[in-house]
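Inspection log for the structure reproduced underneath, given as structure tokens.
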Amino acid sequence: MLIAFDSTQQALRAEMLLEYADIEIDICPTPKQITAGCALSIRFPEADLLVVQDVIEQEKVEIRGIYKQVEDRYEAVAM
């Protein structure tokens, strides 16, 4: 799973919050298939989706969206 952002500030904030929540994450470049205002995205295991969504909602992190990779494309996941 992948979170895309509109700002680097929000990406770095989400990184800190998710690490604090003990979610295994990786910072990566935003795939070109996803249009976003920030070049950084965060990858995380699909099993952690509900916890990630809770952190984003509770902490009011501004994101472009959460995406799931399906073959060679990315599909938005409903928040």
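Following the order of the structure tokens, first chain is A, next is B, and so on, with residues numbered from 1 inside each chain and ligands from 1 in the order they appear.
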
Run DSSP on the backbone of this structure and report the residues of chain A it assigns to alpha helix (DSSP H), as a ChimeraX atom specification. /A:8-20,49-58

Selected residues, C-alpha atoms, written as a short mmCIF file (atom, residue, chain, number, x, y, z; two decimals), in the first residue's frame, please.
```
data_model
loop_
_atom_site.label_atom_id
_atom_site.label_comp_id
_atom_site.auth_asym_id
_atom_site.auth_seq_id
_atom_site.Cartn_x
_atom_site.Cartn_y
_atom_site.Cartn_z
CA THR A 8 6.66 17.26 1.86
CA GLN A 9 5.82 18.63 5.30
CA GLN A 10 2.79 16.31 5.56
CA ALA A 11 4.81 13.34 4.27
CA LEU A 12 7.47 13.85 6.96
CA ARG A 13 4.81 14.36 9.62
CA ALA A 14 3.06 11.13 8.60
CA GLU A 15 6.40 9.30 8.64
CA MET A 16 6.98 10.36 12.25
CA LEU A 17 3.43 9.48 13.37
CA LEU A 18 3.41 6.07 11.68
CA GLU A 19 6.82 5.17 13.09
CA TYR A 20 5.54 6.16 16.53
CA LEU A 49 -4.33 -0.27 6.54
CA LEU A 50 -6.89 0.28 9.31
CA VAL A 51 -4.26 1.52 11.78
CA VAL A 52 -2.79 3.83 9.13
CA GLN A 53 -6.24 5.24 8.33
CA ASP A 54 -6.90 5.82 12.04
CA VAL A 55 -3.60 7.70 12.49
CA ILE A 56 -4.28 9.86 9.41
CA GLU A 57 -7.81 10.73 10.58
CA GLN A 58 -6.98 11.31 14.26
#
```

Please identify all polymer residues within 8 Å of Ile3 of chain A, counting only C-alpha atoms, omitting same-chain residues fewer than 6 positions from it, and present them as a VMD selection string. chain A and resid 41 to 43 63 to 67

Residues from the last selection, N, CA, C and O atoms, saved as a PDB file, in the first residue's frame:
```pdb
ATOM      1  N   SER A  41       6.446   9.487  -1.098  1.00  0.00           N
ATOM      2  CA  SER A  41       5.304   8.674  -0.698  1.00  0.00           C
ATOM      3  C   SER A  41       5.772   7.726   0.395  1.00  0.00           C
ATOM      4  O   SER A  41       6.969   7.556   0.614  1.00  0.00           O
ATOM      5  N   ILE A  42       4.813   7.104   1.061  1.00  0.00           N
ATOM      6  CA  ILE A  42       5.122   6.135   2.110  1.00  0.00           C
ATOM      7  C   ILE A  42       4.465   4.809   1.759  1.00  0.00           C
ATOM      8  O   ILE A  42       3.269   4.755   1.495  1.00  0.00           O
ATOM      9  N   ARG A  43       5.287   3.754   1.759  1.00  0.00           N
ATOM     10  CA  ARG A  43       4.775   2.392   1.565  1.00  0.00           C
ATOM     11  C   ARG A  43       4.575   1.754   2.935  1.00  0.00           C
ATOM     12  O   ARG A  43       5.356   1.991   3.855  1.00  0.00           O
ATOM     13  N   ILE A  63      -3.432  14.186   3.101  1.00  0.00           N
ATOM     14  CA  ILE A  63      -2.862  13.278   2.106  1.00  0.00           C
ATOM     15  C   ILE A  63      -3.560  13.454   0.768  1.00  0.00           C
ATOM     16  O   ILE A  63      -4.683  13.963   0.699  1.00  0.00           O
ATOM     17  N   ARG A  64      -2.895  13.028  -0.291  1.00  0.00           N
ATOM     18  CA  ARG A  64      -3.522  12.993  -1.611  1.00  0.00           C
ATOM     19  C   ARG A  64      -4.437  11.777  -1.686  1.00  0.00           C
ATOM     20  O   ARG A  64      -5.528  11.821  -2.205  1.00  0.00           O
ATOM     21  N   GLY A  65      -3.957  10.652  -1.136  1.00  0.00           N
ATOM     22  CA  GLY A  65      -4.763   9.437  -1.112  1.00  0.00           C
ATOM     23  C   GLY A  65      -3.930   8.233  -0.708  1.00  0.00           C
ATOM     24  O   GLY A  65      -2.708   8.307  -0.604  1.00  0.00           O
ATOM     25  N   ILE A  66      -4.646   7.140  -0.464  1.00  0.00           N
ATOM     26  CA  ILE A  66      -4.006   5.854  -0.203  1.00  0.00           C
ATOM     27  C   ILE A  66      -4.276   4.984  -1.426  1.00  0.00           C
ATOM     28  O   ILE A  66      -5.406   4.938  -1.927  1.00  0.00           O
ATOM     29  N   TYR A  67      -3.248   4.305  -1.888  1.00  0.00           N
ATOM     30  CA  TYR A  67      -3.342   3.537  -3.125  1.00  0.00           C
ATOM     31  C   TYR A  67      -2.851   2.109  -2.921  1.00  0.00           C
ATOM     32  O   TYR A  67      -1.954   1.859  -2.124  1.00  0.00           O
TER      33      TYR A  67
END
```

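In this comparison, which uses only C-alpha atoms, the residue of A:Ala4, A:Val61, A:Ile25, A:Val70 approaching Phe44 of chain A most closely is A:Ile25.
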
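Atom pair atom CA of Thr35 of chain A / atom CA of Arg73 of chain A has a distance of 12.5 Å (rounded to one decimal).
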
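The smallest atom-to-atom distance between Met1 of chain A and any of A:Leu40, A:Lys68, A:Glu24, A:Pro29, using only C-alpha atoms, is found for A:Lys68.
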
Closest to Asp48 of chain A among A:Glu62, A:Ala21, A:Ala78, A:Ile27, using only C-alpha atoms? A:Ala21

Among segment 7-48 of chain A, which residues carry a DSSP assignment of strand (DSSP E or B), reported as a ChimeraX atom specification? /A:26-29,40-43

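From atom CA of Leu2 of chain A back to atom CA of Asp72 of chain A, the distance works out to 13.6 Å.
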